[in-house]
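Below is one structure, written out as structure tokens; the observations come after it.
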Amino acid sequence: MSTPTSTSRRRTPLQLGGYLGLILAIAIMILPLVWMFLAGFKERDEIYTVPIQWLPDSYDLSNYAAALAAVPFANFFLNSTITTVIGAGLKMLLGLTTAYAVVFLEFPFKKFVFGLVIFALLVPQQIVMIPNFTLVASLGWINTYQGIIVPGLASAFGTFLFRQHFLTLPISILEAAALDGASHWTRLWRFIVPISAPTIAAVALISIVSEWNEYLWPLLVVDRSDMMTLPVGLTLLQNNDGVTNWGVLMAGTVLVTVPVLIAFFALQKRIIAGLTAGGVTG
Amino acid sequence: MPTIEDLHRGTASAVAAPTNVTTPAPRRAFTPRKKKKPWKSWSLFLLFAGPNVALLIVFTYKPLLQSLYYSTLQWNLGSASAIPVGLGNYVTWFNDPGTARVVTVTLIFTVATVGGGMVIGLLFAVLLNRKLHGRGAARTVIVAPYVLSGVAVGLLWLFVFDPNFGITAALLDAIGVASPPWYNDPQWALVMVIIVYLWKNVGYVALIYLAALQSVPRDLLEAASLDGATPVRAFRNIVLPLLGPTTFFLSITTLLSSLQSFDIIQAMTKGGPLEGTTTMMYQIYQEGFQAGRAGYSSAVATILFAVLLVVTLIQMKYVEKRVHY
């Protein structure tokens with residue numbers, strides 16, 4: 001039997017170990033990011049020095065200027081924004097309508113349709129990229145927004161999460177809506193969407209993040225620098241400059257990561273809710 | 001129009017729901033009345049779900065079959081002519097002296113990232129679940145890399161691993177060890193991309209495990225503690241079994257994303273040096289888009305997809321027996 005004193009005595013070293021672990025974890029996660037930020041300000045002689053120099057001598061933006069001059073970052077940013085907003089927006093719309101249909105509408109092969117949507121989660125993009133590339137090329141969609149967006153537009157995971165959520169909604173609300181004679185379209189937008197706002201926001205943020213970071217497909221269908229998205233443009237900067245110019249490359253990396261980090265810190269509660277949505281129900 | 005009875009049923013189920021929180025009852029579709037004119041509901045269904053399903057057919061299922069067909073061709077990407085070779089591409093792959101290495105690299109990368117991710121993720125989750133000051137901030141920091149671009153993460157770590165001017169070199173130098181040749185040695189390069197993959201993705205695993213840990217009933221642990229169980233035993237005998245469904249979910253999702261990982265390898269090693277970091281996924285990209293051997297690439301893709309399906313089915317089978325508690 002453990003008495004209160006023995007448990008508290010046991011807890012103190014455990015507590016200490018906990019804090020040590022926490023500090024170690026934070027250090028491992030944060031140090032590389034700090035290293036990237038600092039390198040963005042360093043001159044060549046501050047980078048290529050042994051022992052390493054942690055802090056830059058001055059915080060001027062010459063590496064940033066060099067990165068912006070080497071590749072069209074403004075275009076990358078615009079292209080990433082356009083493909084993310086349109087791609088994630090349409091994906092949400094498709095997910096919502098499909099989940100609504102699967103939960104609230106009648107159809108003879110409903111189970112099969114839902115199975116078709118869910119099974120797509122098991123098909124990695126790389127397995128189908130050659131046929132899709134051939135199709136997109138034959139449509140003349142190389143170096144276009146539709147070429148980047150459309151092949152990855154279908155919503156499988158979103159549909160799954162929305163369906164899970166719709167199944168928990170109180171049926172009385174929908175019956176009241178039906179009593180009002182509201183069409184299914186109205187029911188979806190006036191009744192379901194407003195009460196599902198937290199789930200929708202969480203899923204939307206996850207789609208935005210993954211769309212923003214998407215790399216392989218835009219790499220395949222874009223070869224003109226003015227149509228590149230940020231991740232693709234970042235590898236262009238890498239290949240332009242070679243691996244030797246770390247200061248410029250890290251400045252570019254900061255430009256790509258900072259918008260996402262800011263968004264993450266500002267909206268982390270919702271993003272975390274979105275990330276856990278699949279895991280907790282699954 | 002719904003009758004009064006319908007409304008009553010609705011109210012009853014809404015009220016009854018809270019007593020039934022743990023097992024949400026299966027719900028019937030909401031519009032039984034449409035049965036009079038089924039085609040109306042059917043056409044609405046097609047209108048709502050049709051576009052999504054059409055996109056899946058055009059960009060997932062049709063290419064899946066096409067890929068199977070391409071795998072029987074000797075065909076260069078963009079070329080107008082193709083020679084049917086039957087199973088020739090498969091035979092070539094299985095007989096290629098490089099295949100054993102690609103499979104080994106894929107296995108090591110997958111096992112290390114999935115297994116390592118689960119172990120470290122669970123460790124982080126247990127840490128974050130303790131009543132420690134600053135655990136909220138720690139959670140934020142641990143998850144943050146997960147939302148970053150894989151390319152950016154790969155590049156910033158490439159600098160961290162710089163054998164002359166990076167952090168790892170400095171840390172190792174401090175204890176009198178020379179930096180391993182991360183860039184030039186196939187084995188060390190593989191270790192490097194595994195570390196970076198883990199760093200980026202472990203936060204997701206930690207987050208899911210944390211959510212699961214928080215739903216472990218506290219009185220269960222208190223009872224165990226009163227019975228004299230040490231925290232370690234309580235964890236092994238009570239908490240770990242309760243995490244079964246979560247572990248199953250994570251094993252499938254992390255396996256899928258690990259097998260698809262491309263960004264980090266492309267940014268850091270491009271499959272090298274000496275193809276030491278060429279996984280099957282990376283080989284599919286390289287054969288298809290760098291070497292232009294689209295038929296051969298499709299054969300590798302088909303093999304990988306078959307393996308993926310079998311592994312997932314085994315996982316599902318296994319879980320049916322083991323996970324229910």
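Residue numbering restarts at 1 in every chain; chains get A, B, ... in the order shown in the structure tokens, and ligands count up from 1 in that same order.
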Open item on the list: So that I can see what lies close to Leu308 of chain B, please list as a PyMOL selection string the residues with an atom at most 10 Å from it, counting only C-alpha atoms and leaving out residues fewer than 3 positions away in the same chain.
Closed with: (chain A and resi 122-124) or (chain B and resi 252+255-256+259+302-305+311-314)
Write down as a compact mmCIF listing (two decimals) with N, CA and C atoms, in the first residue's frame the residues belonging to segment 70-173 of chain A that are assigned helix (DSSP H, G or I) by DSSP computed on the backbone.
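Listed below is the output, result-v5.txt:
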```
# COMPACT_ATOMS: atom_id res chain seq x y z
N ALA A 70 16.99 36.58 -56.93
CA ALA A 70 17.37 35.36 -57.66
C ALA A 70 16.15 34.68 -58.28
N PHE A 73 9.90 35.55 -56.07
CA PHE A 73 9.16 35.15 -54.87
C PHE A 73 7.73 35.70 -54.83
N ALA A 74 7.55 36.92 -55.37
CA ALA A 74 6.20 37.50 -55.35
C ALA A 74 5.25 36.61 -56.15
N ASN A 75 5.71 36.10 -57.28
CA ASN A 75 4.89 35.18 -58.08
C ASN A 75 4.60 33.90 -57.30
N PHE A 76 5.63 33.35 -56.67
CA PHE A 76 5.44 32.12 -55.90
C PHE A 76 4.34 32.33 -54.86
N PHE A 77 4.45 33.47 -54.18
CA PHE A 77 3.50 33.76 -53.11
C PHE A 77 2.08 33.87 -53.66
N LEU A 78 1.96 34.60 -54.77
CA LEU A 78 0.65 34.76 -55.40
C LEU A 78 0.11 33.40 -55.86
N ASN A 79 0.95 32.61 -56.52
CA ASN A 79 0.51 31.31 -57.03
C ASN A 79 0.10 30.38 -55.89
N SER A 80 0.88 30.39 -54.82
CA SER A 80 0.53 29.56 -53.67
C SER A 80 -0.81 30.00 -53.09
N THR A 81 -1.00 31.32 -52.99
CA THR A 81 -2.25 31.82 -52.43
C THR A 81 -3.43 31.43 -53.30
N ILE A 82 -3.31 31.63 -54.60
CA ILE A 82 -4.42 31.33 -55.50
C ILE A 82 -4.76 29.83 -55.47
N THR A 83 -3.74 28.99 -55.63
CA THR A 83 -4.03 27.55 -55.67
C THR A 83 -4.55 27.06 -54.32
N THR A 84 -4.05 27.63 -53.23
CA THR A 84 -4.52 27.19 -51.92
C THR A 84 -5.96 27.61 -51.67
N VAL A 85 -6.27 28.88 -51.95
CA VAL A 85 -7.62 29.38 -51.66
C VAL A 85 -8.65 28.65 -52.52
N ILE A 86 -8.38 28.58 -53.83
CA ILE A 86 -9.35 27.93 -54.71
C ILE A 86 -9.39 26.42 -54.45
N GLY A 87 -8.21 25.82 -54.34
CA GLY A 87 -8.15 24.37 -54.13
C GLY A 87 -8.83 23.96 -52.83
N ALA A 88 -8.44 24.60 -51.73
CA ALA A 88 -9.02 24.21 -50.43
C ALA A 88 -10.50 24.56 -50.39
N GLY A 89 -10.88 25.70 -50.97
CA GLY A 89 -12.29 26.12 -50.96
C GLY A 89 -13.17 25.11 -51.68
N LEU A 90 -12.78 24.74 -52.89
CA LEU A 90 -13.59 23.79 -53.65
C LEU A 90 -13.60 22.42 -52.99
N LYS A 91 -12.48 22.06 -52.41
CA LYS A 91 -12.39 20.77 -51.75
C LYS A 91 -13.37 20.69 -50.58
N MET A 92 -13.47 21.79 -49.83
CA MET A 92 -14.42 21.85 -48.72
C MET A 92 -15.85 21.71 -49.23
N LEU A 93 -16.14 22.44 -50.30
CA LEU A 93 -17.48 22.41 -50.88
C LEU A 93 -17.84 20.97 -51.29
N LEU A 94 -16.91 20.31 -51.98
CA LEU A 94 -17.16 18.94 -52.43
C LEU A 94 -17.34 18.01 -51.24
N GLY A 95 -16.54 18.21 -50.21
CA GLY A 95 -16.64 17.36 -49.02
C GLY A 95 -17.98 17.53 -48.33
N LEU A 96 -18.41 18.78 -48.19
CA LEU A 96 -19.67 19.06 -47.51
C LEU A 96 -20.86 18.47 -48.27
N THR A 97 -20.90 18.71 -49.58
CA THR A 97 -22.06 18.22 -50.33
C THR A 97 -22.07 16.69 -50.38
N THR A 98 -20.87 16.09 -50.53
CA THR A 98 -20.83 14.62 -50.59
C THR A 98 -21.27 14.02 -49.26
N ALA A 99 -20.77 14.58 -48.16
CA ALA A 99 -21.14 14.06 -46.85
C ALA A 99 -22.64 14.25 -46.62
N TYR A 100 -23.18 15.40 -47.04
CA TYR A 100 -24.62 15.63 -46.89
C TYR A 100 -25.40 14.56 -47.64
N ALA A 101 -25.00 14.31 -48.89
CA ALA A 101 -25.69 13.32 -49.70
C ALA A 101 -25.64 11.95 -49.05
N VAL A 102 -24.46 11.59 -48.54
CA VAL A 102 -24.29 10.26 -47.97
C VAL A 102 -25.11 10.09 -46.69
N VAL A 103 -25.26 11.16 -45.93
CA VAL A 103 -25.97 11.04 -44.66
C VAL A 103 -27.47 11.28 -44.81
N PHE A 104 -27.85 12.27 -45.61
CA PHE A 104 -29.25 12.70 -45.58
C PHE A 104 -30.07 12.38 -46.83
N LYS A 110 -25.66 3.85 -52.18
CA LYS A 110 -25.03 4.81 -51.30
C LYS A 110 -23.78 4.27 -50.61
N LYS A 111 -23.89 3.07 -50.07
CA LYS A 111 -22.76 2.45 -49.38
C LYS A 111 -21.57 2.32 -50.31
N PHE A 112 -21.87 1.91 -51.55
CA PHE A 112 -20.81 1.73 -52.53
C PHE A 112 -20.13 3.06 -52.83
N VAL A 113 -20.95 4.12 -52.99
CA VAL A 113 -20.40 5.44 -53.29
C VAL A 113 -19.50 5.89 -52.15
N PHE A 114 -19.96 5.70 -50.92
CA PHE A 114 -19.16 6.12 -49.78
C PHE A 114 -17.86 5.29 -49.72
N GLY A 115 -17.97 4.00 -50.00
CA GLY A 115 -16.79 3.14 -50.03
C GLY A 115 -15.79 3.61 -51.06
N LEU A 116 -16.31 4.03 -52.20
CA LEU A 116 -15.45 4.52 -53.29
C LEU A 116 -14.67 5.75 -52.82
N VAL A 117 -15.34 6.62 -52.10
CA VAL A 117 -14.69 7.84 -51.60
C VAL A 117 -13.62 7.48 -50.57
N ILE A 118 -13.96 6.58 -49.65
CA ILE A 118 -13.03 6.25 -48.57
C ILE A 118 -11.82 5.46 -49.07
N PHE A 119 -12.07 4.55 -50.02
CA PHE A 119 -10.97 3.73 -50.53
C PHE A 119 -9.91 4.60 -51.20
N ALA A 120 -10.33 5.74 -51.74
CA ALA A 120 -9.38 6.63 -52.41
C ALA A 120 -8.29 7.09 -51.45
N LEU A 121 -8.58 7.07 -50.15
CA LEU A 121 -7.57 7.46 -49.16
C LEU A 121 -6.36 6.53 -49.20
N LEU A 122 -6.58 5.32 -49.69
CA LEU A 122 -5.50 4.33 -49.72
C LEU A 122 -4.65 4.42 -50.99
N GLN A 125 -0.77 9.39 -54.15
CA GLN A 125 -0.68 10.24 -55.33
C GLN A 125 0.35 9.70 -56.34
N GLN A 126 1.46 9.18 -55.82
CA GLN A 126 2.53 8.74 -56.73
C GLN A 126 2.12 7.58 -57.61
N ILE A 127 1.15 6.79 -57.13
CA ILE A 127 0.72 5.63 -57.91
C ILE A 127 0.03 6.09 -59.21
N VAL A 128 -0.64 7.22 -59.14
CA VAL A 128 -1.44 7.64 -60.30
C VAL A 128 -0.84 8.85 -61.00
N MET A 129 0.38 9.24 -60.67
CA MET A 129 0.86 10.51 -61.20
C MET A 129 1.21 10.46 -62.68
N ILE A 130 1.65 9.31 -63.18
CA ILE A 130 1.99 9.27 -64.61
C ILE A 130 0.74 9.41 -65.49
N PRO A 131 -0.32 8.60 -65.26
CA PRO A 131 -1.54 8.82 -66.05
C PRO A 131 -2.10 10.23 -65.87
N ASN A 132 -2.08 10.75 -64.65
CA ASN A 132 -2.61 12.09 -64.44
C ASN A 132 -1.77 13.15 -65.14
N PHE A 133 -0.47 12.95 -65.11
CA PHE A 133 0.40 13.90 -65.81
C PHE A 133 0.10 13.87 -67.31
N THR A 134 -0.04 12.67 -67.86
CA THR A 134 -0.33 12.53 -69.28
C THR A 134 -1.65 13.22 -69.63
N LEU A 135 -2.65 13.01 -68.76
CA LEU A 135 -3.96 13.64 -69.00
C LEU A 135 -3.86 15.16 -68.96
N VAL A 136 -3.22 15.67 -67.92
CA VAL A 136 -3.10 17.12 -67.75
C VAL A 136 -2.32 17.73 -68.92
N ALA A 137 -1.28 17.01 -69.36
CA ALA A 137 -0.49 17.51 -70.49
C ALA A 137 -1.33 17.53 -71.76
N SER A 138 -2.15 16.47 -71.96
CA SER A 138 -2.94 16.42 -73.19
C SER A 138 -4.03 17.48 -73.20
N TYR A 145 -3.09 27.12 -63.51
CA TYR A 145 -3.65 26.89 -62.18
C TYR A 145 -4.52 25.64 -62.16
N GLN A 146 -5.35 25.48 -63.21
CA GLN A 146 -6.22 24.29 -63.21
C GLN A 146 -5.40 23.01 -63.22
N GLY A 147 -4.26 23.05 -63.89
CA GLY A 147 -3.39 21.88 -63.91
C GLY A 147 -2.87 21.54 -62.52
N ILE A 148 -2.60 22.58 -61.73
CA ILE A 148 -2.12 22.35 -60.36
C ILE A 148 -3.27 21.88 -59.47
N ILE A 149 -4.44 22.52 -59.64
CA ILE A 149 -5.52 22.33 -58.67
C ILE A 149 -6.37 21.08 -58.92
N VAL A 150 -6.87 20.94 -60.16
CA VAL A 150 -7.97 19.99 -60.41
C VAL A 150 -7.66 18.53 -60.06
N PRO A 151 -6.49 17.98 -60.44
CA PRO A 151 -6.29 16.55 -60.17
C PRO A 151 -6.35 16.18 -58.68
N GLY A 152 -6.05 17.12 -57.79
CA GLY A 152 -6.08 16.78 -56.37
C GLY A 152 -7.31 17.32 -55.65
N PHE A 157 -10.89 12.55 -47.34
CA PHE A 157 -10.80 12.65 -45.88
C PHE A 157 -11.82 13.64 -45.33
N GLY A 158 -12.00 14.77 -46.04
CA GLY A 158 -12.98 15.76 -45.62
C GLY A 158 -14.38 15.17 -45.59
N THR A 159 -14.72 14.43 -46.65
CA THR A 159 -16.03 13.78 -46.70
C THR A 159 -16.21 12.86 -45.49
N PHE A 160 -15.16 12.09 -45.21
CA PHE A 160 -15.22 11.16 -44.08
C PHE A 160 -15.48 11.90 -42.76
N LEU A 161 -14.73 12.98 -42.53
CA LEU A 161 -14.88 13.72 -41.27
C LEU A 161 -16.23 14.40 -41.18
N PHE A 162 -16.70 14.99 -42.29
CA PHE A 162 -18.00 15.65 -42.27
C PHE A 162 -19.12 14.65 -42.03
N ARG A 163 -18.98 13.48 -42.64
CA ARG A 163 -20.01 12.46 -42.44
C ARG A 163 -20.07 12.08 -40.96
N GLN A 164 -18.90 11.84 -40.36
CA GLN A 164 -18.84 11.52 -38.94
C GLN A 164 -19.57 12.57 -38.12
N HIS A 165 -19.31 13.83 -38.49
CA HIS A 165 -19.91 14.92 -37.74
C HIS A 165 -21.42 15.01 -37.97
N PHE A 166 -21.83 14.89 -39.22
CA PHE A 166 -23.26 14.99 -39.53
C PHE A 166 -24.07 13.93 -38.80
N ILE A 171 -31.29 15.34 -34.90
CA ILE A 171 -32.16 15.21 -36.07
C ILE A 171 -33.33 16.19 -36.02
N SER A 172 -33.67 16.68 -34.82
CA SER A 172 -34.83 17.57 -34.69
C SER A 172 -34.64 18.86 -35.48
N ILE A 173 -33.40 19.36 -35.51
CA ILE A 173 -33.13 20.59 -36.24
C ILE A 173 -33.46 20.42 -37.72
```
Open item on the list: When you count only C-alpha atoms, which of these residues is closest to Leu275 of chain A: A:Val258, A:Val209, A:Leu216, A:Met227?
Closed with: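 Of A:Val258, A:Val209, A:Leu216, A:Met227, the one nearest Leu275 of chain A, counting only C-alpha atoms, is A:Val209.
Nearest residue to chain A among B:Val58, B:Val111, B:Leu172, B:Val232 is B:Val58, counting only C-alpha atoms.
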Task: 6 Å contact set for segment 142-157 of chain B, only C-alpha atoms, chain neighbours under 2 positions out, as a ChimeraX atom specification - done: /A:36,213,253 /B:139-140,159-160,200-201,203,263-264,267-268
Task: Near-Ala201 of chain A list (8 Å; only C-alpha atoms; drop same-chain fewer than 3 positions) as a PyMOL selection string - done: chain A and resi 197-198+204-205+270+274
Requested write-out: N, CA and C atoms of the selected residues, as a compact mmCIF listing (two decimals), in the first residue's frame:
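Dumped to selection.txt:
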```
# COMPACT_ATOMS: atom_id res chain seq x y z
N ALA A 197 -19.92 24.79 -37.76
CA ALA A 197 -18.82 25.73 -38.01
C ALA A 197 -17.47 25.30 -37.42
N PRO A 198 -17.42 24.86 -36.15
CA PRO A 198 -16.10 24.49 -35.60
C PRO A 198 -15.44 23.36 -36.38
N ALA A 204 -11.07 22.92 -42.70
CA ALA A 204 -10.62 23.90 -43.68
C ALA A 204 -9.15 24.26 -43.44
N LEU A 205 -8.79 24.48 -42.19
CA LEU A 205 -7.40 24.86 -41.89
C LEU A 205 -6.43 23.75 -42.28
N ARG A 270 -7.70 25.65 -33.34
CA ARG A 270 -8.52 25.09 -34.41
C ARG A 270 -7.74 24.07 -35.25
N GLY A 274 -8.50 20.17 -35.80
CA GLY A 274 -8.61 19.55 -37.11
C GLY A 274 -7.72 18.31 -37.22
```
- [ ] Write out as a PyMOL selection string the residues lying within 6 Å of Ala67 of chain A, counting only C-alpha atoms and excluding same-chain residues fewer than 3 positions away.
- [x] chain A and resi 64+70+248+252
- [ ] Using only C-alpha atoms, determine which residues lie at most 10 Å from Gln283 of chain B, disregarding the query and same-chain residues fewer than 4 positions distant; provide the list as number ranges by chain.
- [x] B: 99, 102, 271, 275, 277-279, 287-290, 297, 300-301
Open item on the list: I'd like to know which of A:Trp217, A:Phe41, A:Phe191, A:Trp141 is closest to chain B, using only C-alpha atoms.
Closed with: A:Trp217
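Reported to one decimal place, the separation of atom CA of Gln238 of chain A from atom CA of Arg44 of chain A is 16.1 Å.
Picture a line from atom CA of Trp199 of chain B to atom CA of Tyr59 of chain A; it runs 27.9 Å.
Of the residues under consideration (B:Phe109, B:Tyr183, B:Tyr296, B:Phe249), B:Phe249 shows the shortest atom-to-atom contact distance to chain A when counting only C-alpha atoms.
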